[in-house]
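See below for protein10.csv, which holds CSV, C-alpha atoms.
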```
chain,number,residue,atom,x,y,z
T,1,MET,CA,0.0,0.0,0.0
T,2,SER,CA,1.1,3.5,-0.6
T,3,ALA,CA,2.5,5.4,2.3
T,4,LEU,CA,2.5,9.1,3.3
T,5,PRO,CA,5.9,10.7,3.4
T,6,PRO,CA,7.2,10.2,6.9
T,7,ARG,CA,8.1,12.9,9.4
T,8,SER,CA,11.3,14.6,8.6
T,9,GLY,CA,11.6,16.8,11.7
T,10,ARG,CA,13.2,19.5,9.5
T,11,SER,CA,12.0,23.0,8.6
T,12,PRO,CA,12.8,24.4,5.1
T,13,ARG,CA,15.4,27.1,4.8
T,14,GLY,CA,16.3,29.4,2.0
T,15,ALA,CA,14.5,30.1,-1.2
T,16,SER,CA,15.0,29.3,-4.8
T,17,GLY,CA,12.4,31.6,-6.4
T,18,PRO,CA,10.4,34.8,-5.8
T,19,ARG,CA,8.6,34.5,-2.5
T,20,HIS,CA,5.3,35.8,-3.7
T,21,ILE,CA,2.4,33.6,-4.8
T,22,VAL,CA,-1.2,33.8,-5.9
T,23,LEU,CA,-3.5,31.6,-3.9
T,24,LEU,CA,-6.8,30.6,-5.6
T,25,GLU,CA,-9.6,28.6,-4.2
T,26,PRO,CA,-13.3,27.9,-4.9
T,27,THR,CA,-16.1,29.0,-2.7
T,28,ALA,CA,-16.0,26.2,-0.3
T,29,VAL,CA,-16.3,25.2,3.4
T,30,GLY,CA,-15.1,22.2,5.3
T,31,GLY,CA,-11.9,20.4,4.6
T,32,LEU,CA,-10.8,22.2,1.5
T,33,ALA,CA,-11.3,25.6,3.1
T,34,ALA,CA,-9.5,24.5,6.3
T,35,HIS,CA,-6.6,23.1,4.2
T,36,VAL,CA,-6.2,26.4,2.4
T,37,ARG,CA,-6.3,28.3,5.7
T,38,GLN,CA,-3.6,26.0,7.0
T,39,GLU,CA,-1.5,26.5,3.9
T,40,GLU,CA,-1.9,30.3,4.1
T,41,ALA,CA,-0.7,30.4,7.7
T,42,LEU,CA,2.3,28.1,7.1
T,43,LEU,CA,3.5,30.1,4.0
T,44,GLU,CA,3.0,33.4,5.7
T,45,SER,CA,5.0,32.2,8.7
T,46,ALA,CA,7.8,31.3,6.2
T,47,GLY,CA,7.9,34.8,4.9
T,48,VAL,CA,5.9,34.2,1.7
T,49,ARG,CA,3.8,37.0,0.4
T,50,ILE,CA,0.3,35.8,-0.7
T,51,THR,CA,-2.0,37.6,-3.1
T,52,ARG,CA,-5.7,36.7,-3.0
T,53,PRO,CA,-7.3,37.7,-6.3
T,54,PRO,CA,-10.7,39.5,-6.0
T,55,VAL,CA,-12.6,36.8,-7.8
T,56,ARG,CA,-15.2,34.2,-6.9
T,57,ILE,CA,-14.9,30.7,-8.2
T,58,ALA,CA,-18.4,29.4,-8.2
T,59,PRO,CA,-19.3,25.7,-8.2
T,60,ARG,CA,-20.6,25.8,-11.8
T,61,PRO,CA,-19.5,27.5,-15.0
T,62,GLY,CA,-21.0,30.9,-15.7
T,63,PRO,CA,-20.4,34.3,-17.3
T,64,GLN,CA,-18.3,35.3,-14.4
T,65,ASP,CA,-15.6,32.9,-15.5
T,66,LEU,CA,-14.4,35.1,-18.3
T,67,ALA,CA,-14.1,38.0,-15.9
T,68,THR,CA,-12.1,35.7,-13.5
T,69,VAL,CA,-9.7,34.8,-16.3
T,70,ARG,CA,-9.2,38.4,-17.2
T,71,THR,CA,-8.6,39.5,-13.6
T,72,LEU,CA,-6.1,36.7,-13.0
T,73,ARG,CA,-4.3,37.4,-16.3
T,74,ARG,CA,-4.0,41.1,-15.3
T,75,ILE,CA,-2.6,40.2,-11.9
T,76,LEU,CA,-0.1,37.7,-13.3
T,77,ARG,CA,1.2,40.0,-16.0
T,78,ARG,CA,1.5,43.1,-13.8
T,79,PRO,CA,5.1,44.4,-14.2
T,80,GLY,CA,7.3,44.0,-11.1
T,81,SER,CA,4.8,41.8,-9.2
T,82,GLY,CA,7.5,39.2,-8.5
T,83,ILE,CA,4.9,36.4,-8.5
T,84,GLY,CA,6.7,33.1,-8.6
T,85,ALA,CA,3.8,30.7,-8.5
T,86,VAL,CA,0.0,30.3,-8.6
T,87,HIS,CA,-1.5,27.7,-6.3
T,88,ALA,CA,-5.0,26.8,-7.4
T,89,HIS,CA,-7.2,24.4,-5.3
T,90,GLY,CA,-9.9,22.4,-7.1
T,91,LEU,CA,-10.7,21.6,-10.7
T,92,ARG,CA,-12.4,24.8,-11.6
T,93,ALA,CA,-10.0,27.2,-9.9
T,94,ALA,CA,-7.1,25.3,-11.5
T,95,ALA,CA,-8.5,25.3,-15.0
T,96,LEU,CA,-9.3,29.0,-14.9
T,97,ALA,CA,-5.8,29.7,-13.5
T,98,GLY,CA,-4.4,27.7,-16.4
T,99,LEU,CA,-6.3,29.7,-19.0
T,100,ALA,CA,-5.1,32.9,-17.4
T,101,ARG,CA,-1.4,31.9,-17.1
T,102,GLY,CA,-1.2,30.3,-20.5
T,103,PRO,CA,0.8,27.3,-21.8
T,104,ARG,CA,3.2,25.3,-19.6
T,105,GLY,CA,6.7,26.8,-19.6
T,106,ARG,CA,5.6,30.3,-18.8
T,107,ARG,CA,6.1,32.0,-15.5
T,108,PRO,CA,4.7,31.9,-12.9
T,109,LEU,CA,4.6,28.2,-12.1
T,110,LEU,CA,1.1,26.7,-11.9
T,111,VAL,CA,0.6,24.3,-9.0
T,112,VAL,CA,-2.7,22.5,-8.5
T,113,THR,CA,-4.1,20.6,-5.6
T,114,LEU,CA,-7.0,18.3,-6.4
T,115,HIS,CA,-9.3,17.6,-3.5
T,116,ASN,CA,-12.2,15.6,-4.8
T,117,ARG,CA,-13.1,13.1,-7.5
T,118,ILE,CA,-15.5,14.0,-10.4
T,119,ALA,CA,-18.8,12.7,-9.3
T,120,GLY,CA,-22.3,13.3,-10.7
T,121,GLY,CA,-24.4,13.0,-13.8
T,122,ALA,CA,-23.2,12.9,-17.4
T,123,GLY,CA,-23.1,16.7,-17.7
T,124,VAL,CA,-20.9,17.0,-14.6
T,125,ARG,CA,-18.5,14.3,-15.8
T,126,ILE,CA,-18.2,15.9,-19.2
T,127,ILE,CA,-17.4,19.3,-17.7
T,128,GLY,CA,-15.0,17.7,-15.2
T,129,ALA,CA,-13.2,15.9,-18.0
T,130,ALA,CA,-12.8,19.2,-20.0
T,131,LEU,CA,-11.4,20.9,-16.9
T,132,LEU,CA,-9.0,18.0,-16.3
T,133,ARG,CA,-7.7,18.4,-19.9
T,134,ILE,CA,-6.8,22.0,-19.3
T,135,ILE,CA,-4.9,21.0,-16.1
T,136,ARG,CA,-3.1,18.2,-17.9
T,137,ALA,CA,-2.0,20.6,-20.6
T,138,ARG,CA,-1.0,23.6,-18.4
T,139,ALA,CA,-0.1,22.6,-14.8
T,140,ASP,CA,3.5,22.4,-13.8
T,141,ALA,CA,2.7,20.2,-10.8
T,142,VAL,CA,-0.4,18.6,-9.3
T,143,LEU,CA,-0.8,17.5,-5.7
T,144,THR,CA,-3.6,15.0,-5.0
T,145,VAL,CA,-5.1,14.3,-1.6
T,146,SER,CA,-5.9,10.7,-2.6
T,147,PRO,CA,-4.0,8.2,-4.9
T,148,ASP,CA,-7.0,7.7,-7.1
T,149,LEU,CA,-7.1,11.4,-8.1
T,150,ALA,CA,-3.7,10.9,-9.9
T,151,THR,CA,-5.4,8.9,-12.6
T,152,GLY,CA,-5.7,10.8,-15.8
T,153,LEU,CA,-2.9,13.3,-15.2
T,154,ASP,CA,-0.6,12.0,-17.9
T,155,GLY,CA,1.6,14.8,-19.2
T,156,VAL,CA,1.8,16.7,-16.0
T,157,PRO,CA,5.6,16.9,-15.1
T,158,ARG,CA,5.1,16.4,-11.4
T,159,VAL,CA,2.3,14.5,-9.6
T,160,LEU,CA,2.7,14.1,-5.9
T,161,HIS,CA,0.6,13.1,-2.9
T,162,ALA,CA,-0.4,16.2,-1.0
T,163,ILE,CA,0.4,16.3,2.7
T,164,VAL,CA,-2.8,17.1,4.6
T,165,PRO,CA,-2.2,16.9,8.3
T,166,ALA,CA,-4.8,17.4,11.0
T,167,PRO,CA,-4.5,20.9,12.4
T,168,GLU,CA,-2.9,21.2,15.8
T,169,PRO,CA,-4.8,23.6,18.1
T,170,SER,CA,-5.4,22.8,21.8
T,171,ALA,CA,-8.5,20.9,22.6
T,172,PRO,CA,-11.4,23.4,23.4
T,173,GLU,CA,-13.1,23.2,26.8
T,174,PRO,CA,-16.8,22.3,26.7
T,175,SER,CA,-18.9,25.4,27.5
T,176,ALA,CA,-21.9,25.5,29.8
T,177,SER,CA,-24.1,25.1,26.8
T,178,GLN,CA,-22.0,22.2,25.4
T,179,PRO,CA,-23.0,18.9,27.1
T,180,PRO,CA,-20.2,16.6,28.2
T,181,ALA,CA,-19.3,13.9,25.7
T,182,SER,CA,-20.8,11.2,28.0
T,183,GLU,CA,-24.2,13.0,27.8
T,184,PRO,CA,-24.9,13.4,24.1
T,185,PRO,CA,-27.9,15.4,23.2
T,186,ALA,CA,-30.9,14.0,21.5
T,187,PRO,CA,-31.3,14.5,17.7
T,188,GLU,CA,-33.9,17.2,18.3
T,189,ALA,CA,-31.4,19.4,20.3
T,190,PRO,CA,-28.1,19.4,18.3
T,191,ALA,CA,-25.1,21.2,19.8
T,192,GLY,CA,-22.7,23.4,17.9
T,193,ARG,CA,-20.0,21.4,16.1
T,194,GLY,CA,-18.7,21.8,12.6
T,195,THR,CA,-17.6,18.3,11.6
T,196,ASP,CA,-16.6,17.8,8.0
T,197,PRO,CA,-13.8,17.5,7.4
T,198,ALA,CA,-12.1,19.9,9.7
T,199,PRO,CA,-12.8,18.8,13.3
T,200,GLN,CA,-10.6,20.2,16.1
T,201,PRO,CA,-7.9,17.7,16.9
T,202,ALA,CA,-6.3,16.6,20.1
T,203,PRO,CA,-2.8,18.1,20.6
T,204,SER,CA,-0.4,16.4,18.3
T,205,GLY,CA,2.4,16.9,15.8
T,206,THR,CA,5.6,18.0,17.5
T,207,GLY,CA,4.4,17.2,21.1
T,208,PRO,CA,5.0,14.0,23.0
T,209,ALA,CA,4.3,10.8,21.1
T,210,PRO,CA,0.6,9.8,21.5
T,211,GLN,CA,-0.2,6.7,23.6
T,212,PRO,CA,-3.4,4.6,23.6
T,213,ALA,CA,-5.6,5.8,26.4
T,214,PRO,CA,-8.4,3.9,28.1
T,215,SER,CA,-11.9,5.2,27.3
T,216,ALA,CA,-13.1,7.8,29.8
T,217,ARG,CA,-16.7,7.3,29.1
T,218,SER,CA,-19.3,6.9,31.7
T,219,GLY,CA,-22.3,6.3,29.4
T,220,PRO,CA,-24.4,3.2,28.9
T,221,ALA,CA,-23.0,-0.3,28.6
T,222,GLY,CA,-22.1,-1.7,25.3
T,223,LEU,CA,-19.6,-0.8,22.5
T,224,GLU,CA,-19.5,3.0,22.2
T,225,VAL,CA,-19.0,3.9,18.6
T,226,LEU,CA,-18.1,7.4,17.4
T,227,VAL,CA,-18.6,8.8,13.9
T,228,VAL,CA,-17.7,12.3,12.9
T,229,ALA,CA,-18.9,13.2,9.4
T,230,ARG,CA,-21.0,15.5,7.4
T,231,LEU,CA,-24.5,14.0,7.0
T,232,ALA,CA,-24.1,13.7,3.2
T,233,PRO,CA,-24.2,10.8,0.7
T,234,GLN,CA,-20.4,10.6,0.4
T,235,LYS,CA,-20.1,9.6,4.0
T,236,GLY,CA,-22.0,6.4,3.6
T,237,LEU,CA,-24.2,6.8,6.7
T,238,ASP,CA,-27.0,4.9,5.2
T,239,VAL,CA,-24.6,1.9,4.9
T,240,LEU,CA,-23.6,2.5,8.5
T,241,LEU,CA,-27.3,2.2,9.6
T,242,ASP,CA,-27.6,-1.0,7.5
T,243,ALA,CA,-24.6,-2.4,9.5
T,244,VAL,CA,-26.1,-1.3,12.8
T,245,ARG,CA,-29.4,-3.1,11.9
T,246,LEU,CA,-27.3,-6.2,11.3
T,247,LEU,CA,-25.6,-5.8,14.7
T,248,VAL,CA,-28.9,-5.4,16.5
T,249,ASP,CA,-30.3,-8.5,14.8
T,250,ARG,CA,-27.2,-10.4,16.1
T,251,ARG,CA,-27.8,-9.0,19.6
T,252,VAL,CA,-24.5,-7.1,19.6
T,253,ASP,CA,-24.7,-4.4,22.3
T,254,VAL,CA,-23.6,-1.2,20.5
T,255,GLN,CA,-24.3,2.5,20.9
T,256,VAL,CA,-23.5,4.8,17.9
T,257,ARG,CA,-23.0,8.5,18.1
T,258,ILE,CA,-22.7,10.6,15.0
T,259,ALA,CA,-21.4,14.1,15.2
T,260,GLY,CA,-22.1,16.4,12.3
T,261,ASP,CA,-24.9,17.9,10.3
T,262,GLY,CA,-25.8,18.1,6.6
T,263,PRO,CA,-28.5,17.5,4.0
T,264,GLU,CA,-29.3,13.9,5.0
T,265,GLN,CA,-30.1,14.7,8.7
T,266,SER,CA,-33.9,14.4,8.3
T,267,ALA,CA,-33.7,11.1,6.4
T,268,LEU,CA,-31.3,9.7,9.0
T,269,GLU,CA,-33.4,10.8,11.9
T,270,ALA,CA,-36.6,9.3,10.4
T,271,ARG,CA,-34.9,5.9,9.8
T,272,ILE,CA,-33.3,5.8,13.2
T,273,ARG,CA,-36.8,6.4,14.8
T,274,ALA,CA,-38.6,4.0,12.4
T,275,GLU,CA,-36.2,1.1,13.1
T,276,SER,CA,-35.4,2.0,16.8
T,277,LEU,CA,-31.7,1.9,16.0
T,278,PRO,CA,-29.2,2.6,18.9
T,279,VAL,CA,-27.9,5.7,17.1
T,280,ARG,CA,-27.8,9.3,18.3
T,281,LEU,CA,-27.2,12.3,16.0
T,282,LEU,CA,-25.2,14.8,18.1
T,283,GLY,CA,-25.3,17.7,15.6
T,284,ARG,CA,-22.4,20.1,15.2
T,285,ARG,CA,-19.8,19.7,17.9
T,286,GLU,CA,-16.7,21.6,18.9
T,287,ASP,CA,-15.5,19.0,21.5
T,288,VAL,CA,-14.2,16.2,19.3
T,289,PRO,CA,-11.2,15.4,21.5
T,290,ALA,CA,-13.6,14.8,24.4
T,291,LEU,CA,-15.9,12.7,22.2
T,292,LEU,CA,-12.8,10.6,21.2
T,293,ALA,CA,-11.9,10.2,24.9
T,294,SER,CA,-15.3,8.8,25.7
T,295,CYS,CA,-15.6,6.2,22.9
T,296,ASP,CA,-14.4,2.7,22.4
T,297,LEU,CA,-14.3,2.6,18.6
T,298,VAL,CA,-14.1,5.1,15.7
T,299,VAL,CA,-15.9,4.2,12.5
T,300,SER,CA,-16.0,5.6,9.0
T,301,ALA,CA,-18.4,4.2,6.4
T,302,ALA,CA,-17.4,6.7,3.7
T,303,ARG,CA,-17.9,6.0,0.0
T,304,TRP,CA,-14.9,8.3,-0.7
T,305,GLU,CA,-12.3,10.3,1.3
T,306,GLY,CA,-9.2,12.3,0.7
T,307,GLN,CA,-7.0,12.1,3.7
T,308,PRO,CA,-9.6,12.1,6.5
T,309,VAL,CA,-8.6,14.5,9.2
T,310,PHE,CA,-10.9,12.9,11.8
T,311,LEU,CA,-9.2,9.5,11.4
T,312,GLN,CA,-5.8,11.3,11.9
T,313,GLU,CA,-7.3,12.6,15.2
T,314,ALA,CA,-8.5,9.2,16.1
T,315,LEU,CA,-5.0,7.7,15.5
T,316,ARG,CA,-3.5,10.4,17.7
T,317,ALA,CA,-6.0,9.7,20.4
T,318,GLY,CA,-5.1,6.0,20.4
T,319,ARG,CA,-8.5,4.8,19.4
T,320,ALA,CA,-9.4,1.6,17.7
T,321,ILE,CA,-10.7,2.3,14.1
T,322,VAL,CA,-12.9,0.5,11.6
T,323,ALA,CA,-13.2,2.2,8.2
T,324,THR,CA,-14.0,1.6,4.6
T,325,ARG,CA,-11.1,1.3,2.1
T,326,ALA,CA,-12.2,4.6,0.5
T,327,GLY,CA,-10.0,7.0,-1.4
T,328,GLY,CA,-7.0,8.0,0.7
T,329,THR,CA,-8.2,6.4,3.9
T,330,GLU,CA,-5.6,3.6,3.9
T,331,LEU,CA,-2.9,6.2,3.0
T,332,VAL,CA,-3.7,7.7,6.4
T,333,THR,CA,-4.3,4.7,8.6
T,334,GLY,CA,-1.8,2.3,7.2
T,335,ASP,CA,-2.4,-1.1,8.8
T,336,ALA,CA,-3.7,0.5,12.1
T,337,ALA,CA,-7.3,0.3,11.0
T,338,ALA,CA,-9.6,-2.6,10.2
T,339,LEU,CA,-10.5,-1.7,6.7
T,340,VAL,CA,-13.5,-3.1,4.8
T,341,PRO,CA,-14.9,-2.7,1.3
T,342,VAL,CA,-17.0,0.3,0.5
T,343,GLU,CA,-20.8,-0.3,0.4
T,344,ASP,CA,-20.6,-3.5,2.3
T,345,PRO,CA,-22.7,-3.3,5.4
T,346,ALA,CA,-22.1,-7.0,6.4
T,347,ALA,CA,-18.3,-6.6,6.3
T,348,LEU,CA,-18.7,-3.3,8.3
T,349,ALA,CA,-20.9,-5.0,10.9
T,350,ASP,CA,-18.4,-7.9,11.2
T,351,ALA,CA,-15.5,-5.6,11.8
T,352,ILE,CA,-17.4,-3.6,14.4
T,353,ALA,CA,-18.6,-6.7,16.2
T,354,ALA,CA,-15.0,-8.0,16.3
T,355,MET,CA,-14.1,-4.8,18.3
T,356,ALA,CA,-16.5,-5.8,21.1
T,357,ASP,CA,-13.6,-7.9,22.3
T,358,PRO,CA,-11.5,-5.6,24.7
T,359,SER,CA,-8.3,-7.3,23.7
T,360,ALA,CA,-8.9,-6.7,20.0
T,361,ARG,CA,-9.6,-3.0,20.8
T,362,ARG,CA,-6.4,-2.8,22.9
T,363,ARG,CA,-4.3,-4.1,20.1
T,364,ALA,CA,-6.0,-1.8,17.6
T,365,ALA,CA,-5.4,1.2,20.0
T,366,GLN,CA,-1.7,0.4,20.2
T,367,ALA,CA,-1.5,0.2,16.4
T,368,SER,CA,-3.2,3.6,16.2
T,369,ALA,CA,-0.7,5.1,18.5
T,370,ARG,CA,2.2,3.7,16.5
T,371,ARG,CA,0.7,4.9,13.3
T,372,ALA,CA,0.1,8.4,14.8
T,373,ARG,CA,3.9,8.8,15.4
T,374,GLU,CA,4.5,8.2,11.7
T,375,LEU,CA,2.0,10.8,10.4
T,376,PRO,CA,3.5,13.9,8.8
T,377,GLY,CA,2.6,17.3,10.3
T,378,ALA,CA,2.7,21.0,9.6
T,379,ALA,CA,6.5,21.1,9.1
T,380,GLU,CA,6.3,18.5,6.4
T,381,MET,CA,3.4,20.2,4.7
T,382,SER,CA,5.2,23.5,4.8
T,383,ALA,CA,8.4,21.9,3.3
T,384,GLN,CA,6.4,20.3,0.5
T,385,LEU,CA,4.6,23.5,-0.4
T,386,LEU,CA,7.8,25.6,-0.4
T,387,GLU,CA,9.5,23.1,-2.6
T,388,VAL,CA,6.8,22.5,-5.2
T,389,LEU,CA,6.0,26.2,-5.4
T,390,GLY,CA,9.6,26.9,-6.2
T,391,LEU,CA,10.1,28.8,-2.9
T,392,GLY,CA,12.6,26.6,-1.2
T,393,PRO,CA,15.2,23.9,-1.8
T,394,ALA,CA,14.2,20.4,-2.6
T,395,ALA,CA,16.6,19.3,0.2
T,396,GLY,CA,14.1,20.8,2.7
T,397,THR,CA,11.3,18.5,1.7
T,398,PRO,CA,10.4,15.3,3.5
T,399,PRO,CA,11.9,12.1,1.9
T,400,ARG,CA,9.6,10.2,-0.4
T,401,ALA,CA,8.3,7.0,1.1
T,402,ALA,CA,9.2,3.9,-0.8
T,403,GLY,CA,6.4,2.8,-3.0
T,404,THR,CA,4.6,6.1,-3.0
T,405,PRO,CA,3.2,6.5,-6.5
T,406,MET,CA,4.1,9.8,-8.0
T,407,ARG,CA,5.7,11.2,-11.1
T,408,ASP,CA,8.5,13.8,-11.1
T,409,ASP,CA,9.9,14.6,-14.5
T,410,ALA,CA,11.2,18.0,-13.3
T,411,PRO,CA,15.0,18.5,-13.9
```
Just give me the structure as structure tokens.
Amino acid sequence: MSALPPRSGRSPRGASGPRHIVLLEPTAVGGLAAHVRQEEALLESAGVRITRPPVRIAPRPGPQDLATVRTLRRILRRPGSGIGAVHAHGLRAAALAGLARGPRGRRPLLVVTLHNRIAGGAGVRIIGAALLRIIRARADAVLTVSPDLATGLDGVPRVLHAIVPAPEPSAPEPSASQPPASEPPAPEAPAGRGTDPAPQPAPSGTGPAPQPAPSARSGPAGLEVLVVARLAPQKGLDVLLDAVRLLVDRRVDVQVRIAGDGPEQSALEARIRAESLPVRLLGRREDVPALLASCDLVVSAARWEGQPVFLQEALRAGRAIVATRAGGTELVTGDAAALVPVEDPAALADAIAAMADPSARRRAAQASARRARELPGAAEMSAQLLEVLGLGPAAGTPPRAAGTPMRDDAP
């Protein structure tokens, strides 16, 4: 299996190009937006000047796209701007930046990060393929958050796995209005937590190596399962409920808590009530570290993931994990998680039931703690960005892990 670049413990020094970039992103929330904020903070702390163009990259094509290309072209061709690179996030932002910059070989460099696969009806796929052709023809380098996103990038000189670490703020204290993790609210009274895919992590990264910790929960008996996910089709929560139904039929004592909100909330609530499933929807939460401390097992039933931040947090918290082998999940968890096929409720139920054995959970928790020590952090992300944007020496980047699929035809 592919591996993420390991920790290097080094910070980049020096520069090999103009330390001024244009940062371009679509209108987005969640993981993509959080990743861009993290990039912005890291580059600014490294002394990089960042220009944010006054444009709006909408989710769908429209008349504004022509104005966007003209604005970007004007910024990139401004005399004396000293812009060394454009970093565009997402298909549409990248394609528009490519049209504005022009053919490959011109300055500034065009670096693209792809965050999501092309999914939808025939029209969406046709447009996505056209955007990908522009990127293939014009990008100097592409970072992908999941190995499957590298498919179809033939012709791009450099294709690398993006380093997407969980952010590292201190765990927030529950407020008076935020119930303790052991007393989750009913679905009718969600508490305030933004869950996908940028939950607040437990302290990690450069601090002490994480160790598996016993569950601190004081809730009901049975296997306490935690899911943190946006309530959207991509997250496979309907498959999770199928698995829970199977566990109930087998008389496995399980309690599932799902932190998050989204468009499928009403449908999930209705099904949970209709089938009397042992599942609680917690709503939006800000206390994910406390939720992790109070659970026995973390589960992801996603149909597709990039590099799931919540699973990185679960690893660092030393929690047993069951997840689907979706997108970049295995890139994050390595062999620390029990991975099952996507869209397979029976396999998911079997893996969850196996974790009812305390000794199995203990072994899984130890594997999570070991894997957490291997995960790259902010220093590695900064080093990768500086190098690929032409702002720092290649020697400052993390070493490439053996077997990591990537292409680098750059001299």
Discussion item. When you count all atoms listed in the file, which of these residues is closest to Val227 (chain T): T:His161, T:His20, T:Arg78, T:Arg285?
Written reply: T:Arg285
Discussion item. Residues near region 238-249 of chain T, anyone? I mean within 10 Å using all atoms listed in the file, not counting same-chain ones fewer than 4 positions away, as an NGL selection string.
Written reply: :T and (227 or 231-234 or 253-256 or 264 or 267-268 or 271-272 or 275-279 or 299-303 or 342-353)
Practice prompt. Could you jot down the CA of Ala58 (chain T) to CA of Arg74 (chain T) separation for me, Å, one decimal place?
Written response: 19.9 Å
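Of the listed residues T:Gly392, T:Pro59, T:Pro263, T:Gly318, the one whose atoms come nearest to Gly84 (chain T) is T:Gly392, with distances taken using all atoms listed in the file.
Considering all atoms listed in the file, the residue among T:Ile50, T:Arg107, T:Leu99, T:Ala41 positioned nearest to Val69 (chain T) is T:Leu99.
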Worksheet entry | Å distance separating CA of Glu330 (chain T) from CA of Arg362 (chain T), one decimal place | 20.1 Å
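Between CA of Leu391 (chain T) and CA of Val22 (chain T) lies a distance of 12.7 Å.
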Practice prompt. Give me the residues within 9 Å of Gln265 (chain T) as a ChimeraX atom specification, counting all atoms listed in the file and dropping any in the same chain fewer than 3 places off.
Written response: /T:231-232,260-262,268-270,281,283
Worksheet item: Contacts of Gly128 (chain T) at 12 Å or less, counting all atoms listed in the file, minus same-chain residues fewer than 5 places along, as a ChimeraX atom specification?
Response: /T:59-61,90-95,114,116-123,133-135,152
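Each of T:Ala293, T:Leu153, T:Val332, T:Ile321 was compared to Ala129 (chain T) using all atoms listed in the file, and T:Leu153 turns out to be the nearest.
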Response to the item:
Among T:Arg363, T:His89, T:Arg373, T:Arg138, Gly105 (chain T) is approached most closely, using only C-alpha atoms, by T:Arg138
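The protein and nucleic acid residues lying at most 9 Å from Val164 (chain T) are His35, Val145, Gly306, Gln307, Pro308, Val309, Pro376, Gly377, Ala378 and Met381 of chain T, with all atoms listed in the file considered and sequence neighbours fewer than 5 positions away removed.
Checking T:Ala326, T:Ala317, T:Ala46, T:Leu23 one by one against Cys295 (chain T), counting all atoms listed in the file, you find the shortest gap at T:Ala317.
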Practice prompt. Determine, counting only C-alpha atoms, which protein, DNA and RNA residues have an atom within 7 Å of an atom of Val112 (chain T); residues of the same chain fewer than 2 positions away are not included. Present the result as a ChimeraX atom specification.
Written response: /T:87-89,94,110,114,139,141-143
